[in-house]
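Scroll down for the structure; my scribbles are underneath it.
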Amino acid sequence: MVKGQVAITFNWIYILIAGVVILLFFFFIVAKQKEISEEKLGADLVRTMKSIFTAAGVSEKTKNEIDTGSLADYTLFFNCEDGRSEFGFLGTSARDEDRVNPLFSPAEIKAPKLITWSLPYKLPFKVADLLYVSSSTTKYFAWGQGEFRDEFVNAAKAATKNDLGFNVKEISNFEEYNEVTPQLNFQVRILDLDGSLLRLDRLKEGELVPPGLKKMADTAVTAVSLDLDGHNVFYFQKEGDHWKQSNRNPIPIVSLGEERDAAKYAALFAADEGSYECNMKKAFRRLQYVAAVYEGKAQQLSEGYQDISGQICRGLLSGSADSIQILLSQLQATAVGCEQQPGRCADLVEIAWRLKQQNEQLNLEDCVTLY
Amino acid sequence: MKHPTRKGQAQMTETIAIIFIFFVLVLFGLLFYSRYQKVSLQQEAEEILATKAMEITVRTLFLPELLCTKGEAEPEENCVDMAKVEVLKERSEEDGTKYGGFFREGKRKEAYYFDLLSNSRITLQEVFPEAEEPIVLYDNAKKDWTKMEPTYFVVSLKDWEPDWPEPRYRFGYLKVEVYS
């Protein structure tokens with residue numbers, strides 16, 4: 001009897017241990033599988049986003065709205081350091097690195113809709129497409145007067161309800177500024193498009209963050225200010241109820257300052273000064289390579305104008321100190337310096353202007369143009 | 001020493017048999033699962049390659065190093081500037097690097113264009129008015145590649161010589177082969 005009881009008890013203990021071991025084995029497999037699925041999902045999402053950004057990058061001047069669907073619960077992050085940017089989803093290890101394509105966006109996006117837009121960066125020929133990424137929950141408040149504000153607001157925001165566009169609202173006085181509220185947005189950015197609002201040294205009223213934004217997290221409220229002539233940019237971050245200027249020295253906008261100025265628009269969409277400079281570096285690097293191709297083209301064209309009738313064209317293309325070929329080699333050399341030290345970019349604009357004029361001159365003289 | 005009883009032996013054999021069958025079943029499960037995983041990984045690799053091929057083709061079509069321009073106007077889409085192609089060809093010949101020399105001048109530049117065009121081979125083939133020898137613009141094919149995804153894209157080829165009043169257009173295609 002006692003022996004039988006022991007046998008039964010032993011059998012049950014045996015079954016229990018075996019059952020637990022089997023259960024643990026399956027729990028382990030399920031947990032591992034879950035981990036793998038999450039990793040795979042993260043990688044799939046990043047790959048999908050990369051394809052979207054590639055397509056959006058080349059869809060020049062076209063705004064695209066991308067429904068994120070179930071991704072709306074994930075936070076997409078972007079950062080850029082040393083000319084290398086990366087993006088991914090917070091909470092997953094999947095990342096995508098990029099050293100080539102300039103992308104300007106908030107540091108984080110969490111939204112049911114992504115909005116992408118790209119503009120060609122020209123110095124004076126097209127160097128690269130600058131891609132801007134934002135979202136339906138990133139609200140921009142545009143402050144300022146003048147042509148650029150009208151141009152930016154009209155270009156960026158949706159003209160009608162059915163149009164695609166960024167979430168932009170104009171504010172034109174301090175009353176409207178003080179009434180700014182986050183509504184249901186994930187983040188807010190104030191765009192001071194003529195430098196009259198947020199230069200701390202100039203305007204006391206601009207020191208304070210709009211009262212309606214005080215409760216938002218500091219990281220979710222940023223501002224960017226262009227100086228009066230639009231050649232420099234300053235970034236601000238909310239710190240309690242005040243604005244804190246992130247960059248003490250102005251960051252130059254390297255562009256020809258024409259309509260739909262890609263570099264200036266990029267400054268408005270970039271998360272901060274580091275991200276702006278880092279992504280612009282990619283464009284300056286590309287400029288060196290594209291200019292090298294144009295230099296070769298100028299050489300070829302110049303060789304084609306060997307007879308007397310082609311003397312003017314040849315003169316514009318090569319030979320003189322202000323010829324296109326010389327300007328192109330100066331452009332390359334300056335772009336190298338500019339990539340290393342953004343403060344050394346001022347000459348780029350001057351050289352690009354002269355190149356543009358020489359190209360127009362080629363056109364006037366009935367020569368084959370460079371670009 | 002006490003010898004095991006027949007009943008005990010039978011129970012032991014039964015237990016071993018059950019454990020054996022259990023592990024055989026688990027093994028079958030694992031085998032089946034690993035097979036399934038292998039097939040799905042292969043499918044995924046193919047999908048990734050196809051996506052990558054499409055991305056590289058799109059990037060190639062819009063490369064400012066190749067694209068036709070029209071002054072301040074919009075660039076001409078799906079058009080390759082043959083003057084730029086000539087520059088790329090010349091650079092390749094000068095460097096002795098037969099193919100894609102421009103894109104692979106120096107380690108820094110090579111790494112840059114590798115980030116952009118990866119392990120691919122980009123060829124430009126003129127077909128009209130005359131079928132010319134294909135021009136290899138970039139060649140960074142993997143030596144030990146296992147899969148290759150070719151993509152073709154019809155393009156116009158713009159040429160403009162100093163003694164022509166207007167540019168002339170020919171037709172051809174870009175072949176982008178992406179390797180994995």
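To be explicit about the labels: the chains of the structure tokens are called A, B, and onward in the order shown, and within each one the residues are counted from 1, while ligands get numbers from 1 in the order they are shown.
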
Could you make a table, as a tab-separated table, of the residues of chain B that have an atom within 8 Å of an atom of chain A, each with its nearest atom pair and distance in Å to one decimal, counting only C-alpha atoms, in chain and number order?
residue	atom	partner	partner_atom	distance
B:Thr51	CA	A:Ser51	CA	7.5
B:Glu55	CA	A:Thr54	CA	6.5
B:Val58	CA	A:Ala55	CA	7.3
B:Arg59	CA	A:Val58	CA	7.5
B:Phe62	CA	A:Val58	CA	6.7
B:Pro64	CA	A:Val127	CA	6.3
B:Glu65	CA	A:Val290	CA	5.6
B:Cys68	CA	A:Tyr371	CA	7.9
B:Thr69	CA	A:Tyr371	CA	5.4
B:Lys70	CA	A:Tyr371	CA	6.2
B:Gly71	CA	A:Tyr371	CA	5.4
B:Ala83	CA	A:Lys297	CA	6.0
B:Lys84	CA	A:Lys297	CA	6.0
B:Val87	CA	A:Gly296	CA	5.5
B:Leu88	CA	A:Val293	CA	7.3
B:Tyr112	CA	A:Val100	CA	6.9
B:Asp115	CA	A:Val100	CA	6.9
B:Leu116	CA	A:Val100	CA	6.6
B:Trp160	CA	A:Val368	CA	7.1
B:Glu161	CA	A:Gly304	CA	7.2
B:Pro162	CA	A:Gly304	CA	5.8

Extract, using only C-alpha atoms, all DNA, RNA and protein residues at most 10 Å from Arg170 in chain B, discarding same-chain residues fewer than 5 positions from it, and format them as number ranges by chain. B: 79-80, 82, 126-130, 155-159

Those same residues - all heavy atoms - I'd like them written as a CSV table (one decimal), in the first residue's frame.
chain,number,residue,atom,x,y,z
B,79,CYS,N,16.1,61.4,-69.1
B,79,CYS,CA,17.0,61.8,-70.2
B,79,CYS,C,18.4,61.9,-69.7
B,79,CYS,O,18.6,62.3,-68.5
B,79,CYS,CB,16.5,63.3,-70.6
B,79,CYS,SG,17.7,64.0,-71.7
B,80,VAL,N,19.3,61.3,-70.5
B,80,VAL,CA,20.7,61.3,-70.1
B,80,VAL,C,21.5,62.3,-71.0
B,80,VAL,O,21.4,62.2,-72.2
B,80,VAL,CB,21.3,59.9,-70.2
B,80,VAL,CG1,22.8,59.8,-70.0
B,80,VAL,CG2,20.5,58.9,-69.2
B,82,MET,N,24.5,63.2,-72.8
B,82,MET,CA,25.6,62.4,-73.4
B,82,MET,C,27.0,63.1,-73.2
B,82,MET,O,28.0,62.5,-73.1
B,82,MET,CB,25.4,62.1,-74.8
B,82,MET,CG,24.3,61.1,-75.1
B,82,MET,SD,24.4,59.6,-74.1
B,82,MET,CE,25.7,58.7,-74.9
B,126,GLU,N,22.5,52.5,-76.3
B,126,GLU,CA,21.8,53.2,-77.3
B,126,GLU,C,21.2,52.2,-78.3
B,126,GLU,O,21.8,51.3,-78.7
B,126,GLU,CB,22.7,54.2,-78.1
B,126,GLU,CG,22.0,55.0,-79.0
B,126,GLU,CD,23.0,55.9,-79.8
B,126,GLU,OE1,24.0,56.3,-79.3
B,126,GLU,OE2,22.6,56.3,-81.0
B,127,VAL,N,19.9,52.5,-78.7
B,127,VAL,CA,19.2,51.6,-79.6
B,127,VAL,C,18.7,52.3,-80.9
B,127,VAL,O,18.6,51.6,-81.9
B,127,VAL,CB,18.1,50.8,-78.9
B,127,VAL,CG1,18.6,49.7,-78.0
B,127,VAL,CG2,17.1,51.7,-78.2
B,128,PHE,N,18.5,53.5,-80.8
B,128,PHE,CA,18.0,54.3,-82.0
B,128,PHE,C,18.7,55.6,-82.1
B,128,PHE,O,18.9,56.3,-81.1
B,128,PHE,CB,16.5,54.5,-81.8
B,128,PHE,CG,15.9,55.2,-83.0
B,128,PHE,CD1,15.6,54.5,-84.2
B,128,PHE,CD2,15.7,56.5,-83.0
B,128,PHE,CE1,15.0,55.1,-85.3
B,128,PHE,CE2,15.1,57.2,-84.1
B,128,PHE,CZ,14.8,56.5,-85.2
B,129,PRO,N,19.2,56.1,-83.2
B,129,PRO,CA,19.0,55.4,-84.5
B,129,PRO,C,19.9,54.2,-84.8
B,129,PRO,O,19.7,53.4,-85.7
B,129,PRO,CB,19.4,56.6,-85.5
B,129,PRO,CG,20.2,57.5,-84.7
B,129,PRO,CD,19.8,57.4,-83.3
B,130,GLU,N,21.0,54.1,-84.0
B,130,GLU,CA,21.9,53.0,-84.2
B,130,GLU,C,22.2,52.3,-82.9
B,130,GLU,O,22.3,53.0,-81.9
B,130,GLU,CB,23.2,53.5,-84.8
B,130,GLU,CG,23.2,53.6,-86.3
B,130,GLU,CD,24.4,54.2,-86.9
B,130,GLU,OE1,25.5,53.6,-86.6
B,130,GLU,OE2,24.4,55.3,-87.5
B,155,VAL,N,15.3,55.6,-71.9
B,155,VAL,CA,15.7,57.0,-71.7
B,155,VAL,C,16.0,57.6,-73.1
B,155,VAL,O,16.3,56.9,-74.0
B,155,VAL,CB,17.0,57.1,-70.8
B,155,VAL,CG1,16.6,56.8,-69.4
B,155,VAL,CG2,18.1,56.3,-71.3
B,156,SER,N,15.9,58.9,-73.1
B,156,SER,CA,16.4,59.7,-74.3
B,156,SER,C,17.8,60.1,-74.0
B,156,SER,O,18.2,60.4,-72.9
B,156,SER,CB,15.4,60.8,-74.6
B,156,SER,OG,15.3,61.7,-73.5
B,157,LEU,N,18.6,60.2,-75.1
B,157,LEU,CA,20.0,60.5,-74.9
B,157,LEU,C,20.2,61.9,-75.6
B,157,LEU,O,20.0,62.0,-76.9
B,157,LEU,CB,20.9,59.5,-75.6
B,157,LEU,CG,20.5,58.0,-75.2
B,157,LEU,CD1,21.3,57.0,-76.0
B,157,LEU,CD2,20.8,57.8,-73.7
B,158,LYS,N,20.5,62.9,-74.8
B,158,LYS,CA,20.6,64.2,-75.4
B,158,LYS,C,22.1,64.6,-75.7
B,158,LYS,O,23.0,64.4,-74.9
B,158,LYS,CB,20.1,65.2,-74.4
B,158,LYS,CG,20.1,66.7,-74.8
B,158,LYS,CD,19.6,67.5,-73.7
B,158,LYS,CE,19.6,69.0,-74.0
B,158,LYS,NZ,19.3,69.9,-72.9
B,159,ASP,N,22.3,65.0,-76.9
B,159,ASP,CA,23.6,65.3,-77.4
B,159,ASP,C,23.6,66.7,-78.0
B,159,ASP,O,22.6,67.1,-78.7
B,159,ASP,CB,24.0,64.3,-78.5
B,159,ASP,CG,25.5,64.0,-78.3
B,159,ASP,OD1,26.2,64.7,-77.5
B,159,ASP,OD2,25.9,63.0,-78.9

Pick from B:Met148, B:Leu27, B:Ala131, B:Ile21 nearest to Leu49 in chain B, counting only C-alpha atoms: B:Met148

Residue set, chain B restricted to strand (DSSP E), as number ranges by chain: B: 67-68, 76-81, 120-128, 135-139, 148-159, 168-179

Atoms to include: N, CA and C atoms. Write the selected residues as a compact mmCIF listing (two decimals), in the first residue's frame.
# COMPACT_ATOMS: atom_id res chain seq x y z
N LEU B 67 21.74 63.56 -65.47
CA LEU B 67 20.47 64.16 -65.89
C LEU B 67 20.63 65.32 -66.88
N CYS B 68 19.70 65.40 -67.84
CA CYS B 68 19.69 66.52 -68.80
C CYS B 68 19.10 67.75 -68.11
N GLU B 76 15.11 67.69 -67.58
CA GLU B 76 14.35 66.81 -68.47
C GLU B 76 14.36 65.41 -67.88
N GLU B 77 13.18 64.91 -67.61
CA GLU B 77 13.11 63.60 -66.96
C GLU B 77 13.40 62.47 -67.93
N ASN B 78 13.90 61.38 -67.42
CA ASN B 78 14.24 60.18 -68.20
C ASN B 78 15.13 60.54 -69.38
N CYS B 79 16.07 61.40 -69.13
CA CYS B 79 16.96 61.85 -70.19
C CYS B 79 18.40 61.86 -69.66
N VAL B 80 19.30 61.34 -70.47
CA VAL B 80 20.70 61.30 -70.07
C VAL B 80 21.50 62.26 -70.96
N ASP B 81 22.27 63.11 -70.32
CA ASP B 81 23.10 64.08 -71.03
C ASP B 81 24.37 63.36 -71.51
N SER B 120 26.08 47.24 -57.73
CA SER B 120 25.29 47.22 -58.96
C SER B 120 26.17 47.48 -60.18
N ARG B 121 25.58 47.30 -61.32
CA ARG B 121 26.28 47.57 -62.58
C ARG B 121 25.29 48.36 -63.43
N ILE B 122 25.68 49.54 -63.84
CA ILE B 122 24.76 50.40 -64.60
C ILE B 122 25.31 50.58 -66.01
N THR B 123 24.50 50.20 -66.97
CA THR B 123 24.93 50.24 -68.36
C THR B 123 23.97 51.08 -69.17
N LEU B 124 24.52 51.85 -70.09
CA LEU B 124 23.68 52.66 -70.98
C LEU B 124 23.80 52.08 -72.39
N GLN B 125 22.67 51.74 -72.96
CA GLN B 125 22.67 51.12 -74.30
C GLN B 125 21.86 51.99 -75.25
N GLU B 126 22.52 52.47 -76.29
CA GLU B 126 21.78 53.22 -77.31
C GLU B 126 21.16 52.24 -78.28
N VAL B 127 19.89 52.47 -78.65
CA VAL B 127 19.24 51.55 -79.59
C VAL B 127 18.74 52.25 -80.86
N PHE B 128 18.52 53.54 -80.80
CA PHE B 128 18.01 54.26 -81.97
C PHE B 128 18.70 55.62 -82.08
N ILE B 135 27.61 51.33 -72.86
CA ILE B 135 28.60 52.07 -72.06
C ILE B 135 28.36 51.71 -70.58
N VAL B 136 29.40 51.21 -69.94
CA VAL B 136 29.26 50.87 -68.51
C VAL B 136 29.56 52.13 -67.70
N LEU B 137 28.55 52.60 -66.98
CA LEU B 137 28.72 53.83 -66.21
C LEU B 137 29.23 53.56 -64.81
N TYR B 138 28.81 52.45 -64.25
CA TYR B 138 29.21 52.11 -62.88
C TYR B 138 29.26 50.60 -62.78
N ASP B 139 30.33 50.09 -62.26
CA ASP B 139 30.43 48.63 -62.13
C ASP B 139 31.00 48.28 -60.77
N MET B 148 20.83 38.20 -58.92
CA MET B 148 20.98 39.47 -59.63
C MET B 148 19.60 39.90 -60.14
N GLU B 149 19.30 41.16 -59.96
CA GLU B 149 17.98 41.67 -60.37
C GLU B 149 18.22 42.76 -61.42
N PRO B 150 17.90 42.48 -62.67
CA PRO B 150 18.09 43.54 -63.68
C PRO B 150 16.82 44.39 -63.84
N THR B 151 17.00 45.67 -64.04
CA THR B 151 15.87 46.57 -64.32
C THR B 151 16.24 47.40 -65.55
N TYR B 152 15.29 47.56 -66.44
CA TYR B 152 15.54 48.33 -67.67
C TYR B 152 14.68 49.58 -67.65
N PHE B 153 15.23 50.65 -68.15
CA PHE B 153 14.44 51.88 -68.21
C PHE B 153 14.77 52.63 -69.49
N VAL B 154 13.74 52.91 -70.27
CA VAL B 154 13.95 53.61 -71.54
C VAL B 154 14.27 55.08 -71.27
N VAL B 155 15.31 55.58 -71.92
CA VAL B 155 15.69 56.98 -71.72
C VAL B 155 16.00 57.64 -73.07
N SER B 156 15.90 58.95 -73.10
CA SER B 156 16.37 59.66 -74.29
C SER B 156 17.80 60.11 -74.01
N LEU B 157 18.58 60.18 -75.07
CA LEU B 157 19.99 60.54 -74.93
C LEU B 157 20.19 61.87 -75.64
N LYS B 158 20.51 62.89 -74.85
CA LYS B 158 20.61 64.24 -75.40
C LYS B 158 22.07 64.56 -75.74
N ASP B 159 22.26 64.99 -76.95
CA ASP B 159 23.60 65.34 -77.40
C ASP B 159 23.56 66.73 -78.02
N ARG B 168 20.27 67.26 -80.18
CA ARG B 168 19.65 66.11 -80.85
C ARG B 168 19.40 65.02 -79.82
N TYR B 169 18.32 64.31 -80.06
CA TYR B 169 17.95 63.26 -79.11
C TYR B 169 18.01 61.89 -79.78
N ARG B 170 18.59 60.94 -79.08
CA ARG B 170 18.57 59.55 -79.53
C ARG B 170 17.85 58.75 -78.43
N PHE B 171 17.68 57.48 -78.67
CA PHE B 171 16.98 56.67 -77.67
C PHE B 171 17.79 55.47 -77.23
N GLY B 172 17.59 55.08 -76.04
CA GLY B 172 18.30 53.92 -75.52
C GLY B 172 17.66 53.46 -74.22
N TYR B 173 18.38 52.64 -73.52
CA TYR B 173 17.87 52.24 -72.21
C TYR B 173 18.99 52.12 -71.19
N LEU B 174 18.60 52.35 -69.96
CA LEU B 174 19.54 52.16 -68.85
C LEU B 174 19.26 50.78 -68.27
N LYS B 175 20.32 50.03 -68.10
CA LYS B 175 20.15 48.71 -67.49
C LYS B 175 20.83 48.76 -66.12
N VAL B 176 20.05 48.54 -65.10
CA VAL B 176 20.61 48.55 -63.74
C VAL B 176 20.53 47.14 -63.17
N GLU B 177 21.69 46.54 -62.96
CA GLU B 177 21.72 45.19 -62.39
C GLU B 177 22.18 45.30 -60.94
N VAL B 178 21.35 44.80 -60.07
CA VAL B 178 21.70 44.87 -58.64
C VAL B 178 22.01 43.45 -58.15
N TYR B 179 23.11 43.33 -57.43
CA TYR B 179 23.59 42.01 -57.00
C TYR B 179 23.45 41.82 -55.49

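For the atom pair formed by CA of Ser136 in chain A and CA of Lys110 in chain A, the distance is 9.0 Å, given to one decimal.
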
What's the separation between CA of Glu74 in chain B and CA of Leu119 in chain A, in Å to one decimal place? 11.1 Å

Those of chain B in DSSP alpha helix (DSSP H), formatted as number ranges by chain: B: 6-61, 82-95, 106-117

Since we have the selection now, will you write its residues out, keeping C-alpha atoms, as a JSON list (two decimals), in the first residue's frame?
[["chain", "number", "residue", "atom", "x", "y", "z"],
["B", 6, "ARG", "CA", 9.31, -7.15, -14.99],
["B", 7, "LYS", "CA", 6.54, -4.62, -14.39],
["B", 8, "GLY", "CA", 9.08, -1.97, -13.48],
["B", 9, "GLN", "CA", 11.13, -2.80, -16.59],
["B", 10, "ALA", "CA", 8.04, -2.56, -18.76],
["B", 11, "GLN", "CA", 7.17, 0.83, -17.23],
["B", 12, "MET", "CA", 10.69, 2.08, -17.79],
["B", 13, "THR", "CA", 10.66, 0.95, -21.44],
["B", 14, "GLU", "CA", 7.27, 2.59, -21.87],
["B", 15, "THR", "CA", 8.56, 5.87, -20.39],
["B", 16, "ILE", "CA", 11.67, 5.80, -22.60],
["B", 17, "ALA", "CA", 9.49, 5.09, -25.62],
["B", 18, "ILE", "CA", 7.22, 8.01, -24.78],
["B", 19, "ILE", "CA", 10.18, 10.34, -24.30],
["B", 20, "PHE", "CA", 11.71, 9.08, -27.53],
["B", 21, "ILE", "CA", 8.49, 9.64, -29.49],
["B", 22, "PHE", "CA", 8.11, 13.05, -27.89],
["B", 23, "PHE", "CA", 11.60, 14.11, -28.92],
["B", 24, "VAL", "CA", 11.15, 12.65, -32.40],
["B", 25, "LEU", "CA", 8.00, 14.77, -32.74],
["B", 26, "VAL", "CA", 9.84, 17.86, -31.44],
["B", 27, "LEU", "CA", 12.67, 17.17, -33.87],
["B", 28, "PHE", "CA", 10.19, 16.86, -36.75],
["B", 29, "GLY", "CA", 8.65, 20.13, -35.65],
["B", 30, "LEU", "CA", 12.02, 21.85, -35.54],
["B", 31, "LEU", "CA", 13.01, 20.46, -38.93],
["B", 32, "PHE", "CA", 9.75, 21.56, -40.46],
["B", 33, "TYR", "CA", 10.07, 24.98, -38.84],
["B", 34, "SER", "CA", 13.67, 25.51, -39.98],
["B", 35, "ARG", "CA", 12.68, 24.54, -43.53],
["B", 36, "TYR", "CA", 9.83, 26.98, -43.45],
["B", 37, "GLN", "CA", 12.14, 29.67, -42.04],
["B", 38, "LYS", "CA", 14.72, 29.00, -44.76],
["B", 39, "VAL", "CA", 12.13, 29.32, -47.54],
["B", 40, "SER", "CA", 10.64, 32.49, -46.05],
["B", 41, "LEU", "CA", 14.12, 33.98, -45.59],
["B", 42, "GLN", "CA", 14.88, 33.28, -49.24],
["B", 43, "GLN", "CA", 11.61, 34.92, -50.26],
["B", 44, "GLU", "CA", 12.40, 37.90, -48.07],
["B", 45, "ALA", "CA", 15.90, 38.20, -49.52],
["B", 46, "GLU", "CA", 14.36, 38.24, -53.00],
["B", 47, "GLU", "CA", 11.89, 40.92, -51.99],
["B", 48, "ILE", "CA", 14.67, 43.02, -50.46],
["B", 49, "LEU", "CA", 16.73, 42.68, -53.61],
["B", 50, "ALA", "CA", 13.78, 43.69, -55.81],
["B", 51, "THR", "CA", 13.11, 46.76, -53.64],
["B", 52, "LYS", "CA", 16.79, 47.68, -53.65],
["B", 53, "ALA", "CA", 16.91, 47.30, -57.43],
["B", 54, "MET", "CA", 13.96, 49.65, -57.81],
["B", 55, "GLU", "CA", 15.52, 52.19, -55.44],
["B", 56, "ILE", "CA", 18.85, 52.15, -57.27],
["B", 57, "THR", "CA", 17.12, 52.49, -60.64],
["B", 58, "VAL", "CA", 15.15, 55.50, -59.40],
["B", 59, "ARG", "CA", 18.31, 57.08, -57.98],
["B", 60, "THR", "CA", 20.19, 56.45, -61.23],
["B", 61, "LEU", "CA", 17.49, 58.07, -63.33],
["B", 82, "MET", "CA", 25.62, 62.41, -73.35],
["B", 83, "ALA", "CA", 28.18, 65.17, -72.75],
["B", 84, "LYS", "CA", 28.24, 64.14, -69.09],
["B", 85, "VAL", "CA", 28.42, 60.46, -70.09],
["B", 86, "GLU", "CA", 31.45, 61.31, -72.25],
["B", 87, "VAL", "CA", 33.13, 62.88, -69.21],
["B", 88, "LEU", "CA", 32.47, 59.76, -67.14],
["B", 89, "LYS", "CA", 33.81, 57.58, -69.96],
["B", 90, "GLU", "CA", 36.95, 59.66, -70.35],
["B", 91, "ARG", "CA", 37.64, 59.59, -66.62],
["B", 92, "SER", "CA", 37.38, 55.80, -66.68],
["B", 93, "GLU", "CA", 39.87, 55.57, -69.53],
["B", 94, "GLU", "CA", 42.28, 58.06, -67.93],
["B", 95, "ASP", "CA", 42.30, 56.16, -64.66],
["B", 106, "GLY", "CA", 39.65, 57.44, -54.60],
["B", 107, "LYS", "CA", 38.35, 55.60, -51.57],
["B", 108, "ARG", "CA", 36.25, 58.51, -50.30],
["B", 109, "LYS", "CA", 34.36, 58.97, -53.54],
["B", 110, "GLU", "CA", 34.03, 55.23, -54.05],
["B", 111, "ALA", "CA", 32.45, 54.84, -50.61],
["B", 112, "TYR", "CA", 30.08, 57.72, -51.37],
["B", 113, "TYR", "CA", 28.80, 56.23, -54.61],
["B", 114, "PHE", "CA", 28.71, 52.77, -53.04],
["B", 115, "ASP", "CA", 26.28, 54.18, -50.46],
["B", 116, "LEU", "CA", 24.22, 55.49, -53.34],
["B", 117, "LEU", "CA", 24.45, 52.70, -55.90]]

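Non-sequential neighbours of Lys281 in chain A (distance at most 10 Å, separation of 5 or more positions within a chain, only C-alpha atoms) are Asp82, Gly83, Arg84, Arg99, Val100, Pro102, Ser275, Tyr276, Arg286, Leu287, Ala335, Val336, Cys338, Glu339, Gln340, Gln341 and Pro342 of chain A.
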
Which one of A:Cys80, A:Leu213, A:Ile251, A:Leu41 sits closest to Arg344 in chain A if you count only C-alpha atoms? A:Ile251

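Using only C-alpha atoms for every distance, the candidate list A:Asn167, A:Ser37, A:Ser255, A:Ser320 yields A:Ser255 as the residue closest to Cys345 in chain A.
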
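Going from CA of Ala107 in chain A over to CA of Asp150 in chain A, you cover 26.2 Å.
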
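Residues in contact with range 178-180 of chain A at up to 9 Å, not including ones fewer than 3 positions away on its chain and judged by only C-alpha atoms, are Phe141, Ile171, Asn173, Phe174, Glu175, Gln183, Val209, Pro210, Pro211, Gly212 and Leu213 of chain A.
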
Could you write those residues out with C-alpha atoms, as a CSV table (one decimal), in the first residue's frame?
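Just written: result32.csv:
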chain,number,residue,atom,x,y,z
A,141,PHE,CA,3.1,78.7,-36.9
A,171,ILE,CA,0.3,84.5,-37.1
A,173,ASN,CA,0.7,89.9,-34.2
A,174,PHE,CA,1.5,89.2,-30.6
A,175,GLU,CA,-2.2,88.7,-29.8
A,183,GLN,CA,-4.4,71.4,-30.0
A,209,VAL,CA,6.9,80.9,-25.1
A,210,PRO,CA,3.1,81.3,-25.9
A,211,PRO,CA,1.2,80.6,-22.7
A,212,GLY,CA,-0.8,77.8,-24.4
A,213,LEU,CA,2.4,75.8,-25.1
